[in-house]
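Q: Could you have a look at this structure, given as structure tokens, before my questions?
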Amino acid sequence: HVGEDEVGILLVKQRGQLLRFAYPLELYRGGLNFFPLTLPSVAGRVVRTKQGFVHNDMATISHLQIYERIRVADRPAHPIQKMVAGPLVHLTGEPVGVLEVCRKAPTMREAGPDFTDLDLLKLTDFGQVLAPYLVRFMPDDF
């Protein structure tokens, strides 16, 4: 039960040096929404470790807050309060990206229920199915 602007797909580019938004489209367009894997970001950590992540108090951890300020789907820009992120790992074992689901709201109380370890398990399982298709159909200019 999340909004369109609360799901993100980030894919690895330039031989694992950068991550770029593939979805939502507002963050994909223009080709400028990419960042080094070495920055303190949830997505970078998930790709580097190939381990999923659940955090229900995002204000307390270091993450790239700039993307929270971009309006998506004609909704007001709110901070990410809670997040679950799963690795997208190709059949070869190489990480190809991250699938993120978050809860955005003005306050923690308004963000809705906490994410659980079961949510992470489901997201990780889905990522294993999705990753080969993302690699197969990735545009050449990505």
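Naming works like this for the structure tokens: A, B, ... for the chains as they're shown, residue 1 at the start of each chain, ligands 1 onward in shown order.
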Taking the backbone alone, and naming residues the way the document does, which bits of chain A are strand (DSSP E or B) by DSSP, as a PyMOL selection string?

A: chain A and resi 7-13+18-23+34-36+53-55+80-89+95-104

Q: Considering only alpha helix (DSSP H) as DSSP defines it on the backbone, what residues of segment 86-123 of chain A qualify? List them as a list of chain:residue names.

A: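 The alpha helix (DSSP H) residues within segment 86-123 of chain A come out as A:Asp117, A:Leu118, A:Asp119, A:Leu120, A:Leu121, A:Lys122, A:Leu123.
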
Q: Taking only C-alpha atoms into account, which of A:Thr116, A:Asp74, A:Pro87, A:Met58 comes nearest Arg45 of chain A?

A: A:Pro87

Q: Just the residues within 9 Å of Gly44 of chain A, please, counting only C-alpha atoms, with nothing from its chain fewer than 5 positions along; format it as a list in words.

A: Leu18, Leu19, Pro36, Leu37, Thr38, Leu39, Thr49, Gly97 and Val98 of chain A

Q: Compile the contact shell of Leu121 of chain A as a PDB file with N, CA and C atoms, in the first residue's frame: residues with an atom at most 9 Å away, counting only C-alpha atoms, same-chain residues fewer than 4 positions apart removed.

A:
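Saved the output as result30.pdb:
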ATOM      1  N   GLY A  52      19.745  -6.994   1.566  1.00  0.00           N
ATOM      2  CA  GLY A  52      18.599  -6.110   1.686  1.00  0.00           C
ATOM      3  C   GLY A  52      18.674  -5.258   2.942  1.00  0.00           C
ATOM      4  N   GLY A  86      15.753  -3.984  -1.597  1.00  0.00           N
ATOM      5  CA  GLY A  86      16.269  -5.308  -1.910  1.00  0.00           C
ATOM      6  C   GLY A  86      17.203  -5.263  -3.095  1.00  0.00           C
ATOM      7  N   THR A 116       8.562  -4.864   7.493  1.00  0.00           N
ATOM      8  CA  THR A 116       8.971  -6.027   8.275  1.00  0.00           C
ATOM      9  C   THR A 116      10.031  -6.835   7.541  1.00  0.00           C
ATOM     10  N   ASP A 117      10.606  -7.793   8.255  1.00  0.00           N
ATOM     11  CA  ASP A 117      11.554  -8.711   7.619  1.00  0.00           C
ATOM     12  C   ASP A 117      10.865  -9.529   6.525  1.00  0.00           C
ATOM     13  N   ASP A 125      12.955 -11.695  -3.039  1.00  0.00           N
ATOM     14  CA  ASP A 125      12.527 -12.767  -3.950  1.00  0.00           C
ATOM     15  C   ASP A 125      12.059 -12.198  -5.284  1.00  0.00           C
ATOM     16  N   PHE A 126      11.276 -11.129  -5.222  1.00  0.00           N
ATOM     17  CA  PHE A 126      10.807 -10.495  -6.451  1.00  0.00           C
ATOM     18  C   PHE A 126      11.988  -9.941  -7.251  1.00  0.00           C
TER      19      PHE A 126
END

Q: From the set A:Leu27, A:Leu10, A:Val2, A:Ala59, which residue has the shortest atom-to-atom contact distance to Thr107 of chain A, counting only C-alpha atoms?

A: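 Ranked by minimum distance to Thr107 of chain A, first place goes to A:Ala59.
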
Q: Could you give me, as a count of residues only, the residues within 12 Å of Leu11 of chain A, counting only C-alpha atoms and dropping anything in the same chain fewer than 5 positions from it?

A: 37

Q: Hey, can you check how far atom CA of Lys50 of chain A sits from atom CA of Gly30 of chain A?

A: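 Here the two named atoms are 27.8 Å from each other.
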
Q: Near segment 4-6 of chain A, within 12 Å and counting only C-alpha atoms, which residues show up once chain neighbours fewer than 2 positions away are dropped, as a ChimeraX atom specification?

A: /A:1-2,8-9,23-27,67-85,99-105,111
